[in-house]
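Enquirer: The structure file protein-v6.cif (mmCIF, C-alpha atoms) is provided below.
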```cif
data_work
loop_
_atom_site.label_atom_id
_atom_site.label_comp_id
_atom_site.auth_asym_id
_atom_site.auth_seq_id
_atom_site.Cartn_x
_atom_site.Cartn_y
_atom_site.Cartn_z
CA MET A 1 3.97 -70.12 2.47
CA MET A 2 6.40 -70.44 -0.41
CA PRO A 3 6.43 -68.89 -3.83
CA GLU A 4 4.64 -71.33 -6.09
CA ALA A 5 6.20 -70.52 -9.40
CA PHE A 6 9.77 -70.48 -10.42
CA SER A 7 11.27 -70.34 -13.82
CA GLU A 8 14.33 -71.90 -15.27
CA GLY A 9 16.66 -70.40 -17.76
CA GLU A 10 20.22 -70.13 -18.84
CA PRO A 11 22.31 -68.30 -16.31
CA SER A 12 23.84 -65.05 -17.27
CA SER A 13 27.59 -64.98 -17.39
CA ARG A 14 27.63 -62.92 -14.21
CA ARG A 15 25.45 -65.43 -12.43
CA THR A 16 27.70 -68.22 -13.61
CA VAL A 17 30.60 -66.44 -12.00
CA LEU A 18 28.62 -66.04 -8.80
CA LEU A 19 27.72 -69.70 -8.69
CA ALA A 20 31.28 -70.70 -9.38
CA ALA A 21 32.32 -68.48 -6.50
CA GLY A 22 29.68 -70.16 -4.37
CA ALA A 23 31.14 -73.53 -5.07
CA GLY A 24 34.47 -72.18 -3.94
CA VAL A 25 33.09 -70.85 -0.67
CA ALA A 26 31.31 -74.09 0.04
CA GLY A 27 34.47 -75.94 -0.70
CA ALA A 28 36.31 -73.85 1.84
CA LEU A 29 34.24 -75.51 4.52
CA VAL A 30 36.12 -78.71 3.82
CA ALA A 31 38.94 -77.44 6.00
CA GLY A 32 38.64 -78.05 9.71
CA CYS A 33 36.42 -80.43 11.66
CA GLY A 34 38.75 -83.35 11.05
CA GLY A 35 38.85 -82.52 7.37
CA GLU A 36 35.16 -83.23 6.99
CA SER A 37 32.77 -80.39 6.27
CA ILE A 38 29.13 -80.43 7.24
CA LYS A 39 28.38 -80.94 3.58
CA GLN A 40 30.62 -83.98 3.48
CA GLN A 41 29.15 -85.26 6.71
CA VAL A 42 25.75 -85.00 5.17
CA HIS A 43 27.05 -86.80 2.13
CA ASN A 44 28.37 -89.57 4.37
CA SER A 45 24.95 -89.92 5.93
CA PRO A 46 21.74 -91.14 4.39
CA ALA A 47 21.02 -88.91 1.43
CA ALA A 48 18.11 -86.59 1.06
CA LEU A 49 15.12 -88.46 -0.21
CA ALA A 50 14.28 -88.45 -3.89
CA ASN A 51 10.79 -87.15 -3.28
CA ASP A 52 12.33 -84.07 -1.65
CA VAL A 53 13.87 -82.89 -4.91
CA ASP A 54 11.03 -80.54 -5.75
CA LEU A 55 11.04 -78.96 -2.31
CA LEU A 56 14.81 -78.56 -2.36
CA ASN A 57 14.65 -76.96 -5.78
CA ARG A 58 12.08 -74.48 -4.48
CA LEU A 59 14.55 -73.54 -1.76
CA LEU A 60 17.25 -73.23 -4.40
CA HIS A 61 14.98 -70.91 -6.35
CA LEU A 62 14.73 -68.66 -3.30
CA GLU A 63 18.50 -68.68 -2.97
CA HIS A 64 18.89 -67.66 -6.62
CA MET A 65 16.41 -64.87 -6.05
CA ALA A 66 18.32 -63.66 -3.00
CA ILE A 67 21.58 -63.69 -4.95
CA ALA A 68 19.93 -61.62 -7.66
CA ALA A 69 18.50 -59.18 -5.11
CA TYR A 70 21.82 -58.62 -3.36
CA THR A 71 23.71 -58.40 -6.64
CA ALA A 72 21.34 -55.78 -7.99
CA GLY A 73 20.87 -53.94 -4.70
CA ILE A 74 24.35 -53.61 -3.27
CA PRO A 75 25.39 -50.73 -5.55
CA LEU A 76 22.43 -48.74 -4.21
CA LEU A 77 23.18 -49.34 -0.54
CA ASP A 78 24.83 -46.73 1.64
CA GLN A 79 28.22 -47.43 3.08
CA PRO A 80 28.86 -49.31 5.32
CA THR A 81 25.61 -51.20 4.72
CA ALA A 82 27.00 -52.19 1.34
CA LYS A 83 29.78 -54.05 3.14
CA ALA A 84 27.22 -56.10 5.00
CA GLY A 85 25.38 -56.66 1.74
CA GLN A 86 28.49 -58.03 0.06
CA LEU A 87 29.06 -60.32 3.02
CA PHE A 88 25.51 -61.59 2.89
CA LEU A 89 25.71 -62.10 -0.87
CA ASN A 90 28.65 -64.40 -0.26
CA ASP A 91 26.57 -66.27 2.30
CA GLU A 92 23.69 -66.68 -0.15
CA ILE A 93 26.08 -68.02 -2.77
CA SER A 94 27.30 -70.57 -0.25
CA HIS A 95 23.74 -71.52 0.60
CA ALA A 96 22.87 -71.98 -3.07
CA GLY A 97 25.87 -74.24 -3.57
CA ASP A 98 24.89 -76.28 -0.57
CA VAL A 99 21.23 -76.67 -1.49
CA ALA A 100 22.22 -77.60 -5.04
CA GLY A 101 24.39 -80.31 -3.54
CA LEU A 102 21.43 -81.63 -1.58
CA VAL A 103 19.35 -81.71 -4.76
CA ARG A 104 22.03 -83.80 -6.45
CA GLU A 105 22.27 -86.08 -3.41
CA ALA A 106 18.56 -86.69 -3.72
CA GLY A 107 19.07 -87.71 -7.33
CA GLY A 108 17.73 -84.53 -8.86
CA LYS A 109 19.04 -81.79 -11.10
CA PRO A 110 19.46 -78.38 -9.48
CA ILE A 111 17.47 -75.64 -11.17
CA LYS A 112 19.43 -72.88 -12.78
CA PRO A 113 18.94 -69.21 -11.98
CA ALA A 114 16.20 -67.49 -13.96
CA PRO A 115 17.25 -64.82 -16.45
CA SER A 116 15.56 -62.24 -14.25
CA TYR A 117 13.40 -61.95 -11.15
CA ALA A 118 10.52 -59.65 -10.31
CA LEU A 119 12.30 -57.63 -7.69
CA GLY A 120 10.55 -54.32 -8.28
CA HIS A 121 12.46 -51.12 -8.95
CA PRO A 122 14.16 -50.05 -5.73
CA ARG A 123 15.98 -46.76 -6.18
CA THR A 124 17.18 -45.87 -2.71
CA SER A 125 19.14 -47.60 0.00
CA GLU A 126 16.01 -47.90 2.12
CA GLU A 127 14.03 -49.42 -0.74
CA VAL A 128 16.78 -51.97 -1.31
CA LEU A 129 16.80 -52.84 2.38
CA MET A 130 13.04 -53.34 2.24
CA LEU A 131 13.51 -55.69 -0.71
CA LEU A 132 16.24 -57.62 1.07
CA HIS A 133 14.10 -57.83 4.18
CA SER A 134 11.31 -59.35 2.11
CA VAL A 135 13.58 -61.78 0.28
CA GLU A 136 15.29 -62.95 3.46
CA ASN A 137 11.97 -63.48 5.19
CA ALA A 138 10.70 -65.52 2.24
CA GLN A 139 13.73 -67.73 2.60
CA ILE A 140 13.21 -68.14 6.34
CA ALA A 141 9.57 -69.09 5.81
CA GLY A 142 10.61 -71.53 3.11
CA TYR A 143 13.24 -73.19 5.26
CA LEU A 144 10.89 -73.43 8.23
CA TYR A 145 8.37 -75.16 5.99
CA ALA A 146 11.03 -77.48 4.60
CA ILE A 147 12.56 -78.50 7.93
CA GLN A 148 9.32 -80.19 8.87
CA ARG A 149 9.19 -82.19 5.66
CA LEU A 150 12.73 -83.01 4.57
CA GLU A 151 14.36 -86.27 5.62
CA PRO A 152 16.61 -87.51 7.13
CA GLY A 153 17.49 -85.57 10.28
CA VAL A 154 20.91 -84.53 9.02
CA VAL A 155 19.25 -82.73 6.13
CA LYS A 156 17.00 -80.92 8.60
CA GLN A 157 20.16 -79.83 10.40
CA GLN A 158 21.73 -78.60 7.21
CA VAL A 159 18.66 -76.57 6.35
CA ALA A 160 18.45 -75.19 9.89
CA SER A 161 22.05 -74.02 9.69
CA ILE A 162 21.12 -71.96 6.62
CA LEU A 163 17.87 -70.70 8.13
CA ALA A 164 19.70 -69.42 11.21
CA ASN A 165 22.19 -67.56 9.05
CA ASP A 166 19.37 -65.93 7.09
CA ALA A 167 17.83 -64.94 10.42
CA GLN A 168 21.08 -63.20 11.26
CA HIS A 169 20.89 -61.34 7.96
CA VAL A 170 17.36 -60.20 8.74
CA ALA A 171 18.44 -58.87 12.13
CA VAL A 172 21.13 -56.74 10.52
CA VAL A 173 18.81 -55.55 7.74
CA ARG A 174 16.14 -54.61 10.28
CA ALA A 175 18.68 -52.66 12.31
CA ALA A 176 19.79 -50.84 9.16
CA LEU A 177 16.15 -49.92 8.57
CA GLY A 178 15.95 -48.48 12.07
CA ARG A 179 13.65 -51.22 13.29
CA PRO A 180 14.16 -53.49 16.31
CA ALA A 181 16.68 -56.06 15.14
CA ILE A 182 15.08 -59.02 16.92
CA PRO A 183 11.39 -58.35 17.44
CA SER A 184 10.35 -61.83 18.55
CA ALA A 185 11.61 -64.80 20.54
CA PHE A 186 10.59 -67.08 17.67
CA VAL A 187 11.76 -66.52 14.12
CA THR A 188 8.90 -67.00 11.68
CA GLY A 189 9.86 -65.35 8.41
CA ARG A 190 6.98 -62.92 8.70
CA ALA A 191 7.79 -59.25 8.54
CA MET B 1 39.10 -60.99 -2.42
CA ASP B 2 41.51 -60.62 0.49
CA ARG B 3 38.63 -60.02 2.84
CA LEU B 4 36.81 -63.05 1.49
CA ARG B 5 39.83 -65.25 1.90
CA THR B 6 40.22 -64.03 5.44
CA ARG B 7 36.62 -64.85 6.08
CA ARG B 8 37.07 -68.33 4.67
CA GLU B 9 39.99 -68.84 6.99
CA ILE B 10 37.82 -67.76 9.88
CA VAL B 11 35.18 -70.23 8.82
CA ALA B 12 37.61 -73.08 8.52
CA GLY B 13 39.26 -72.24 11.82
CA ALA B 14 36.01 -71.90 13.65
CA PHE B 15 34.78 -75.22 12.40
CA ALA B 16 38.03 -76.84 13.46
CA VAL B 17 38.03 -75.31 16.94
CA ALA B 18 34.41 -75.89 17.70
CA GLY B 19 34.33 -79.42 16.35
CA VAL B 20 31.10 -78.42 14.74
CA GLY B 21 28.79 -81.04 13.46
CA ALA B 22 29.69 -83.82 15.83
CA ALA B 23 26.10 -84.94 15.82
CA VAL B 24 26.09 -85.06 12.06
CA ALA B 25 29.37 -86.93 11.99
CA ALA B 26 27.96 -89.52 14.38
CA ALA B 27 26.12 -91.06 11.47
CA ALA B 28 29.48 -92.07 10.03
CA ASP B 29 30.94 -93.17 13.37
CA PRO B 30 30.47 -96.92 13.99
CA ALA B 31 30.71 -96.50 17.78
CA ALA B 32 28.15 -93.74 17.81
CA ALA B 33 25.90 -95.81 15.60
CA ASP B 34 25.47 -98.25 18.51
CA THR B 35 24.18 -95.49 20.77
CA PRO B 36 20.42 -95.16 20.63
CA PRO B 37 19.30 -91.70 19.57
CA PRO B 38 17.94 -89.48 22.31
CA THR B 39 14.21 -89.38 22.80
CA ASP B 40 12.36 -86.15 22.16
CA ALA B 41 12.06 -85.66 25.90
CA GLN B 42 15.80 -86.13 26.41
CA ALA B 43 16.66 -83.71 23.63
CA LEU B 44 14.27 -81.06 24.90
CA SER B 45 15.35 -81.53 28.52
CA LYS B 46 18.88 -80.64 27.45
CA ALA B 47 17.55 -77.60 25.64
CA LEU B 48 15.55 -76.55 28.68
CA GLU B 49 18.61 -76.77 30.89
CA ILE B 50 20.57 -74.55 28.51
CA GLU B 51 17.68 -72.07 28.29
CA ARG B 52 17.58 -71.82 32.09
CA LEU B 53 21.30 -71.12 31.98
CA MET B 54 20.66 -68.40 29.39
CA VAL B 55 18.08 -66.74 31.62
CA LEU B 56 20.44 -66.77 34.58
CA ALA B 57 23.28 -65.43 32.44
CA TYR B 58 21.30 -62.50 31.04
CA ARG B 59 20.01 -61.65 34.52
CA ARG B 60 23.50 -61.66 36.00
CA VAL B 61 25.02 -59.75 33.11
CA LEU B 62 22.32 -57.08 33.26
CA ALA B 63 22.74 -56.81 37.02
CA SER B 64 26.53 -56.82 36.93
CA GLY B 65 26.91 -53.10 36.37
CA THR B 66 29.60 -53.77 33.79
CA LEU B 67 27.59 -52.76 30.71
CA ALA B 68 27.40 -49.32 29.18
CA PRO B 69 23.82 -48.06 29.41
CA ASP B 70 23.19 -48.21 25.65
CA ILE B 71 24.43 -51.80 25.48
CA ALA B 72 22.34 -52.81 28.48
CA ARG B 73 19.28 -51.29 26.82
CA ALA B 74 20.03 -53.14 23.58
CA ILE B 75 20.33 -56.59 25.08
CA ALA B 76 17.68 -56.31 27.78
CA PRO B 77 14.91 -57.64 25.49
CA TYR B 78 16.87 -60.83 24.92
CA LEU B 79 16.30 -61.86 28.54
CA SER B 80 12.59 -61.80 27.78
CA HIS B 81 13.21 -63.95 24.70
CA GLU B 82 15.07 -66.53 26.77
CA VAL B 83 12.27 -66.59 29.33
CA GLN B 84 9.84 -67.26 26.48
CA HIS B 85 12.07 -70.07 25.21
CA VAL B 86 12.01 -71.67 28.67
CA SER B 87 8.22 -71.53 28.68
CA ALA B 88 7.86 -72.93 25.18
CA VAL B 89 10.25 -75.82 25.67
CA ALA B 90 8.75 -76.61 29.06
CA ALA B 91 5.27 -76.62 27.54
CA ALA B 92 6.41 -79.06 24.86
CA LEU B 93 7.90 -81.35 27.49
CA THR B 94 4.79 -81.19 29.63
CA ALA B 95 2.60 -81.97 26.63
CA MET B 96 4.49 -85.22 26.11
CA GLY B 97 4.17 -86.14 29.78
CA ALA B 98 7.76 -85.40 30.71
CA VAL B 99 9.06 -83.46 33.68
CA ALA B 100 9.88 -79.83 32.93
CA ASP B 101 11.90 -78.02 35.56
CA THR B 102 11.53 -74.27 34.99
CA SER B 103 12.87 -73.18 38.36
CA PRO B 104 15.72 -70.67 38.34
CA LEU B 105 19.02 -72.41 37.80
CA GLY B 106 21.35 -72.19 40.80
CA LEU B 107 24.87 -70.87 40.50
CA ASP B 108 26.41 -74.24 41.34
CA ALA B 109 24.42 -75.99 38.65
CA ALA B 110 25.21 -73.19 36.23
CA GLY B 111 28.91 -73.46 37.01
CA ALA B 112 28.82 -77.19 36.41
CA LEU B 113 27.12 -76.65 33.07
CA GLU B 114 29.69 -74.04 32.10
CA SER B 115 32.51 -76.43 32.95
CA LYS B 116 30.85 -79.27 31.07
CA HIS B 117 30.63 -77.13 27.95
CA ASN B 118 34.03 -75.45 28.34
CA ILE B 119 32.67 -71.92 28.74
CA PRO B 120 35.72 -69.91 29.77
CA VAL B 121 34.02 -66.93 31.45
CA SER B 122 32.30 -67.71 34.74
CA LEU B 123 28.92 -66.31 35.68
CA THR B 124 30.52 -65.33 38.98
CA GLY B 125 33.51 -63.67 37.36
CA LEU B 126 32.02 -60.80 35.37
CA HIS B 127 34.51 -58.01 35.92
CA SER B 128 34.16 -56.05 32.73
CA GLN B 129 31.85 -55.43 29.80
CA ASN B 130 34.12 -57.58 27.70
CA ASP B 131 33.74 -60.49 30.14
CA ALA B 132 29.98 -60.13 30.07
CA MET B 133 29.65 -59.89 26.31
CA ARG B 134 32.04 -62.76 25.69
CA LEU B 135 30.04 -64.91 28.09
CA LEU B 136 26.82 -64.14 26.24
CA VAL B 137 28.35 -64.91 22.85
CA ASP B 138 29.67 -68.25 24.11
CA LEU B 139 26.34 -69.16 25.68
CA GLU B 140 24.38 -68.16 22.59
CA SER B 141 26.62 -70.54 20.62
CA LEU B 142 25.80 -73.26 23.11
CA ALA B 143 22.08 -72.57 22.75
CA GLU B 144 22.32 -72.71 18.96
CA GLY B 145 24.12 -76.02 19.25
CA VAL B 146 21.62 -77.72 21.51
CA TYR B 147 18.84 -77.10 18.98
CA PHE B 148 21.04 -77.98 16.02
CA THR B 149 21.76 -81.32 17.68
CA ALA B 150 18.12 -81.88 18.59
CA LEU B 151 16.97 -81.30 15.03
CA LYS B 152 18.67 -84.50 13.94
CA THR B 153 16.32 -86.63 16.00
CA LEU B 154 13.20 -84.68 17.00
CA SER B 155 10.35 -86.76 15.69
CA THR B 156 7.39 -84.45 15.18
CA GLN B 157 6.88 -81.47 12.92
CA PRO B 158 5.78 -79.07 15.68
CA LEU B 159 8.90 -79.87 17.72
CA GLN B 160 11.14 -79.51 14.67
CA ARG B 161 9.58 -76.14 13.87
CA LEU B 162 9.91 -74.95 17.46
CA ALA B 163 13.57 -75.99 17.61
CA ALA B 164 14.37 -74.25 14.33
CA GLN B 165 12.57 -71.06 15.34
CA ILE B 166 14.40 -70.84 18.65
CA MET B 167 17.75 -71.77 17.11
CA ALA B 168 17.34 -68.94 14.61
CA CYS B 169 16.49 -66.50 17.38
CA GLU B 170 19.59 -67.53 19.33
CA ALA B 171 21.61 -66.94 16.17
CA GLN B 172 20.14 -63.45 15.96
CA HIS B 173 21.12 -62.82 19.58
CA TRP B 174 24.62 -64.04 18.77
CA THR B 175 24.83 -61.58 15.91
CA ALA B 176 23.48 -58.68 17.93
CA VAL B 177 25.80 -59.24 20.90
CA SER B 178 28.82 -59.85 18.69
CA GLY B 179 27.90 -56.76 16.69
CA LEU B 180 27.78 -54.68 19.85
CA ARG B 181 31.23 -55.98 20.78
CA ASN B 182 32.58 -55.05 17.35
CA PRO B 183 30.69 -52.00 16.05
CA GLY B 184 30.66 -51.72 12.28
CA GLU B 185 32.49 -55.00 11.76
CA TYR B 186 29.78 -57.02 10.10
CA VAL B 187 32.13 -59.90 9.43
CA LYS B 188 32.33 -60.45 13.18
CA ALA B 189 28.58 -60.23 13.63
CA VAL B 190 27.81 -62.71 10.85
CA PRO B 191 31.07 -64.59 10.31
CA TRP B 192 29.84 -67.85 8.80
CA PRO B 193 27.29 -68.80 6.17
CA PHE B 194 26.19 -71.82 8.23
CA VAL B 195 25.16 -71.66 11.88
CA THR B 196 25.63 -74.82 13.92
CA GLY B 197 26.56 -73.53 17.36
CA SER B 198 28.79 -75.30 19.84
CA SER B 199 28.36 -78.33 22.04
#
```
Could I get this structure in the form of structure tokens?

Expert:
Amino acid sequence: MMPEAFSEGEPSSRRTVLLAAGAGVAGALVAGCGGESIKQQVHNSPAALANDVDLLNRLLHLEHMAIAAYTAGIPLLDQPTAKAGQLFLNDEISHAGDVAGLVREAGGKPIKPAPSYALGHPRTSEEVLMLLHSVENAQIAGYLYAIQRLEPGVVKQQVASILANDAQHVAVVRAALGRPAIPSAFVTGRA
Amino acid sequence: MDRLRTRREIVAGAFAVAGVGAAVAAAADPAAADTPPPTDAQALSKALEIERLMVLAYRRVLASGTLAPDIARAIAPYLSHEVQHVSAVAAALTAMGAVADTSPLGLDAAGALESKHNIPVSLTGLHSQNDAMRLLVDLESLAEGVYFTALKTLSTQPLQRLAAQIMACEAQHWTAVSGLRNPGEYVKAVPWPFVTGSS
């Protein structure tokens, strides 16, 4: 269901920049909604439970992997698909910042990005899209698994809001691959 | 960075306009804290009502004659998805012993629902492709929101999974329809990193 292993390591300088940017994007959500972002609303609600730290960190690992995949893959994407890729990279950075916040709320320490990820060696735009399709689906499967286990309900909502965004990414990636964008009435994270 | 800043502004504005996250905020609202949370049956009954509205909306849009043939072909499968959502939610309600009305929603009831949720385009006022597509985008937001809200209180894992799976599908519909309205403008098809819908 979810990747079992994940490794920790010191972030590269580039990744540090990405994560810093992610914090900025997440912070932008503070505006609006009476000055209270979803993240803040979650913070004002019962916190994620301490025994959810491991599960949340597994989700964070998937976010780090997605950031790495988009970062490495975007230069190989055709235009205008690369524009979508950059957009989705920004989304993944926001997600990572948000999940890291949930880990902290639960009393844990967010894992850092690994020095590298086994992403294969895509060389063409289509191969990159296949990789992104796989990575996005892994995230969706992970979030679906987590929604049924994380507490309280506001954390389920937070995770669902990320899952739905990743589902949107998959639809666009599938369309770019020439496949039906939305093949099923129920999103599962399976290809 | 200009594009990113613009996108952030869109995000902030959208959150402000939609009042997103009211259900989440309720946890910090003393008045709301006195209101008992909805039962699973109540939450799913609301979802079923919105799904019946979605079915009616796709049927009327597809029959309106306002869509270009390629756009009609693209969105036609989504009607089938909405019909499947009606069946799945109704089955969940029936399994818990609750009433599940799957009959076609009437236009009067649909109009009342649209008014209740401040949907600006009427099902009976589809005069152009733009009207039709805007209606679908607004209703897909509503469908996302009903599941987002339900996820706060649904009590069993199968119901939580079902709600999340359907919410994600509605988000995909939103992206597809918005993308068809704005070809090549990905920022309008996937404008926000967090999907919460409207209420």

Enquirer: Quick one: which residues end up in the PyMOL selection byres ((chain B and resi 106) around 12) for this structure, as a list of chain:residue names?

Expert: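 Applying the expression gives B:Glu49, B:Arg52, B:Leu53, B:Val55, B:Leu56, B:Ala57, B:Arg60, B:Thr102, B:Ser103, B:Pro104, B:Leu105, B:Leu107, B:Asp108, B:Ala109, B:Ala110, B:Gly111, B:Ala112, B:Leu113, B:Leu123, B:Thr124.
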
Enquirer: Written as a CSV table (one decimal) with C-alpha atoms, in the frame of the given file, which residues does the PyMOL selection byres ((chain B and resi 92) around 10) give for the file shown?

Expert:
```csv
chain,number,residue,atom,x,y,z
B,40,ASP,CA,12.4,-86.2,22.2
B,41,ALA,CA,12.1,-85.7,25.9
B,44,LEU,CA,14.3,-81.1,24.9
B,45,SER,CA,15.4,-81.5,28.5
B,87,SER,CA,8.2,-71.5,28.7
B,88,ALA,CA,7.9,-72.9,25.2
B,89,VAL,CA,10.2,-75.8,25.7
B,90,ALA,CA,8.8,-76.6,29.1
B,91,ALA,CA,5.3,-76.6,27.5
B,93,LEU,CA,7.9,-81.4,27.5
B,94,THR,CA,4.8,-81.2,29.6
B,95,ALA,CA,2.6,-82.0,26.6
B,96,MET,CA,4.5,-85.2,26.1
B,97,GLY,CA,4.2,-86.1,29.8
B,98,ALA,CA,7.8,-85.4,30.7
B,100,ALA,CA,9.9,-79.8,32.9
B,158,PRO,CA,5.8,-79.1,15.7
B,159,LEU,CA,8.9,-79.9,17.7
B,162,LEU,CA,9.9,-75.0,17.5
```

Enquirer: Counting all atoms listed in the file, find the residues whose atoms lie at most 7 Å from (15.9, -73.8, 5.0) (file coordinates) and write them out as a PyMOL selection string.

Expert: chain A and resi 59+139-140+142-144+146-147+159-160+162-163

Enquirer: Could you give me, as an NGL selection string, the residues that sit within 12 Å of (17.2, -43.4, -4.0) in the file's coordinates, counting all atoms listed in the file?

Expert: :A and (73 or 75-78 or 121-129)

Enquirer: Quick one: residues within 6 Å of Val103 in chain A, all atoms listed in the file counted, chain neighbours fewer than 5 positions away excluded, as a list in words?

Expert: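 Listing them by chain and then by number gives Val53, Gly108 and Pro110 of chain A.
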
Enquirer: Between CA of Val146 in chain B and CA of Asn90 in chain A, measure the distance and give it in Å to one decimal.

Expert: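 If I compute the distance from CA of Val146 in chain B to CA of Asn90 in chain A, I get 26.5 Å.
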
Enquirer: How many Å separate CA of Ser199 in chain B from CA of Val170 in chain A?

Expert: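 If I compute the distance from CA of Ser199 in chain B to CA of Val170 in chain A, I get 25.0 Å.
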
Enquirer: Need to verify the contact set: Phe88 in chain A, 10 Å, all atoms listed in the file, exclusion of same-chain residues closer than 6 positions in sequence. Can you return it as JSON, numbers by chain?

Expert: {"A": [66, 67, 70, 82, 94, 165, 166, 168, 169], "B": [186, 187, 190, 191, 192, 193]}

Enquirer: In Å, how far is it from CA of Gln129 in chain B to CA of His173 in chain B?

Expert: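 Computing it gives 16.6 Å between the two atoms.
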
Enquirer: Spell out the residues picked by the PyMOL selection byres ((chain A and resi 175-190) around 6) here, as a list in words.

Expert: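 So the PyMOL selection byres ((chain A and resi 175-190) around 6) ends up selecting Asn137, Ile140, Ala141, Ala171, Val172, Val173, Arg174 and Ala191 of chain A; His81, Gln165, Ile166 and Cys169 of chain B.
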
Enquirer: For Ser141 in chain B, please output as an NGL selection string all residues within 12 Å (counting only C-alpha atoms; exclusion window: fewer than 4 positions along the same chain).

Expert: (:A and (164)) or (:B and (14 or 18 or 20 or 50-51 or 54 or 117-119 or 134-137 or 145-148 or 167-175 or 177-178 or 195-199))

Enquirer: Can you tell me which residues surround Ala72 in chain B at a distance of at most 12 Å, considering only C-alpha atoms, apart from same-chain residues fewer than 6 positions away, and format the answer as a list in words?

Expert: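 The residues satisfying every condition are Tyr58, Arg59, Arg60, Val61, Leu62, Ala63, Ser64, Gly65, Thr66, Tyr78, Leu79, Gln129, Ala132, Met133, Val177 and Leu180 of chain B.
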
Enquirer: With distances taken over all atoms listed in the file, which residue among B:Gln84, B:Asn130, B:Asn182, B:Ser115 lies nearest chain A?

Expert: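 Ranked by minimum distance to chain A, first place goes to B:Gln84.
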
Enquirer: Would you kindly place N, CA and C atoms on range 55-71 of chain B and return the model as a PDB file, keeping the file's coordinate frame?

Expert:
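result_27.pdb written:
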```pdb
ATOM      1  N   VAL B  55      18.835 -67.702  30.815  1.00  0.00           N
ATOM      2  CA  VAL B  55      18.080 -66.740  31.620  1.00  0.00           C
ATOM      3  C   VAL B  55      18.942 -66.230  32.779  1.00  0.00           C
ATOM      4  N   LEU B  56      19.578 -67.168  33.460  1.00  0.00           N
ATOM      5  CA  LEU B  56      20.440 -66.770  34.580  1.00  0.00           C
ATOM      6  C   LEU B  56      21.563 -65.865  34.087  1.00  0.00           C
ATOM      7  N   ALA B  57      22.147 -66.219  32.954  1.00  0.00           N
ATOM      8  CA  ALA B  57      23.280 -65.430  32.440  1.00  0.00           C
ATOM      9  C   ALA B  57      22.858 -64.010  32.092  1.00  0.00           C
ATOM     10  N   TYR B  58      21.742 -63.860  31.385  1.00  0.00           N
ATOM     11  CA  TYR B  58      21.300 -62.500  31.040  1.00  0.00           C
ATOM     12  C   TYR B  58      20.967 -61.711  32.311  1.00  0.00           C
ATOM     13  N   ARG B  59      20.342 -62.363  33.280  1.00  0.00           N
ATOM     14  CA  ARG B  59      20.010 -61.650  34.520  1.00  0.00           C
ATOM     15  C   ARG B  59      21.281 -61.174  35.221  1.00  0.00           C
ATOM     16  N   ARG B  60      22.262 -62.044  35.289  1.00  0.00           N
ATOM     17  CA  ARG B  60      23.500 -61.660  36.000  1.00  0.00           C
ATOM     18  C   ARG B  60      24.287 -60.609  35.227  1.00  0.00           C
ATOM     19  N   VAL B  61      24.303 -60.753  33.918  1.00  0.00           N
ATOM     20  CA  VAL B  61      25.020 -59.750  33.110  1.00  0.00           C
ATOM     21  C   VAL B  61      24.347 -58.382  33.250  1.00  0.00           C
ATOM     22  N   LEU B  62      23.030 -58.365  33.170  1.00  0.00           N
ATOM     23  CA  LEU B  62      22.320 -57.080  33.260  1.00  0.00           C
ATOM     24  C   LEU B  62      22.442 -56.468  34.652  1.00  0.00           C
ATOM     25  N   ALA B  63      22.616 -57.318  35.650  1.00  0.00           N
ATOM     26  CA  ALA B  63      22.740 -56.810  37.020  1.00  0.00           C
ATOM     27  C   ALA B  63      24.194 -56.549  37.423  1.00  0.00           C
ATOM     28  N   SER B  64      25.115 -56.878  36.548  1.00  0.00           N
ATOM     29  CA  SER B  64      26.530 -56.820  36.930  1.00  0.00           C
ATOM     30  C   SER B  64      27.071 -55.405  37.017  1.00  0.00           C
ATOM     31  N   GLY B  65      26.416 -54.474  36.372  1.00  0.00           N
ATOM     32  CA  GLY B  65      26.910 -53.100  36.370  1.00  0.00           C
ATOM     33  C   GLY B  65      28.107 -52.893  35.461  1.00  0.00           C
ATOM     34  N   THR B  66      28.424 -53.884  34.674  1.00  0.00           N
ATOM     35  CA  THR B  66      29.600 -53.770  33.790  1.00  0.00           C
ATOM     36  C   THR B  66      29.245 -53.182  32.426  1.00  0.00           C
ATOM     37  N   LEU B  67      27.969 -53.155  32.075  1.00  0.00           N
ATOM     38  CA  LEU B  67      27.590 -52.760  30.710  1.00  0.00           C
ATOM     39  C   LEU B  67      27.352 -51.257  30.603  1.00  0.00           C
ATOM     40  N   ALA B  68      27.760 -50.706  29.487  1.00  0.00           N
ATOM     41  CA  ALA B  68      27.400 -49.320  29.180  1.00  0.00           C
ATOM     42  C   ALA B  68      25.872 -49.253  29.039  1.00  0.00           C
ATOM     43  N   PRO B  69      25.285 -48.130  29.418  1.00  0.00           N
ATOM     44  CA  PRO B  69      23.820 -48.060  29.410  1.00  0.00           C
ATOM     45  C   PRO B  69      23.190 -48.388  28.053  1.00  0.00           C
ATOM     46  N   ASP B  70      23.794 -47.938  26.961  1.00  0.00           N
ATOM     47  CA  ASP B  70      23.190 -48.210  25.650  1.00  0.00           C
ATOM     48  C   ASP B  70      23.257 -49.700  25.312  1.00  0.00           C
ATOM     49  N   ILE B  71      24.321 -50.356  25.734  1.00  0.00           N
ATOM     50  CA  ILE B  71      24.430 -51.800  25.480  1.00  0.00           C
ATOM     51  C   ILE B  71      23.445 -52.564  26.366  1.00  0.00           C
TER      52      ILE B  71
END
```
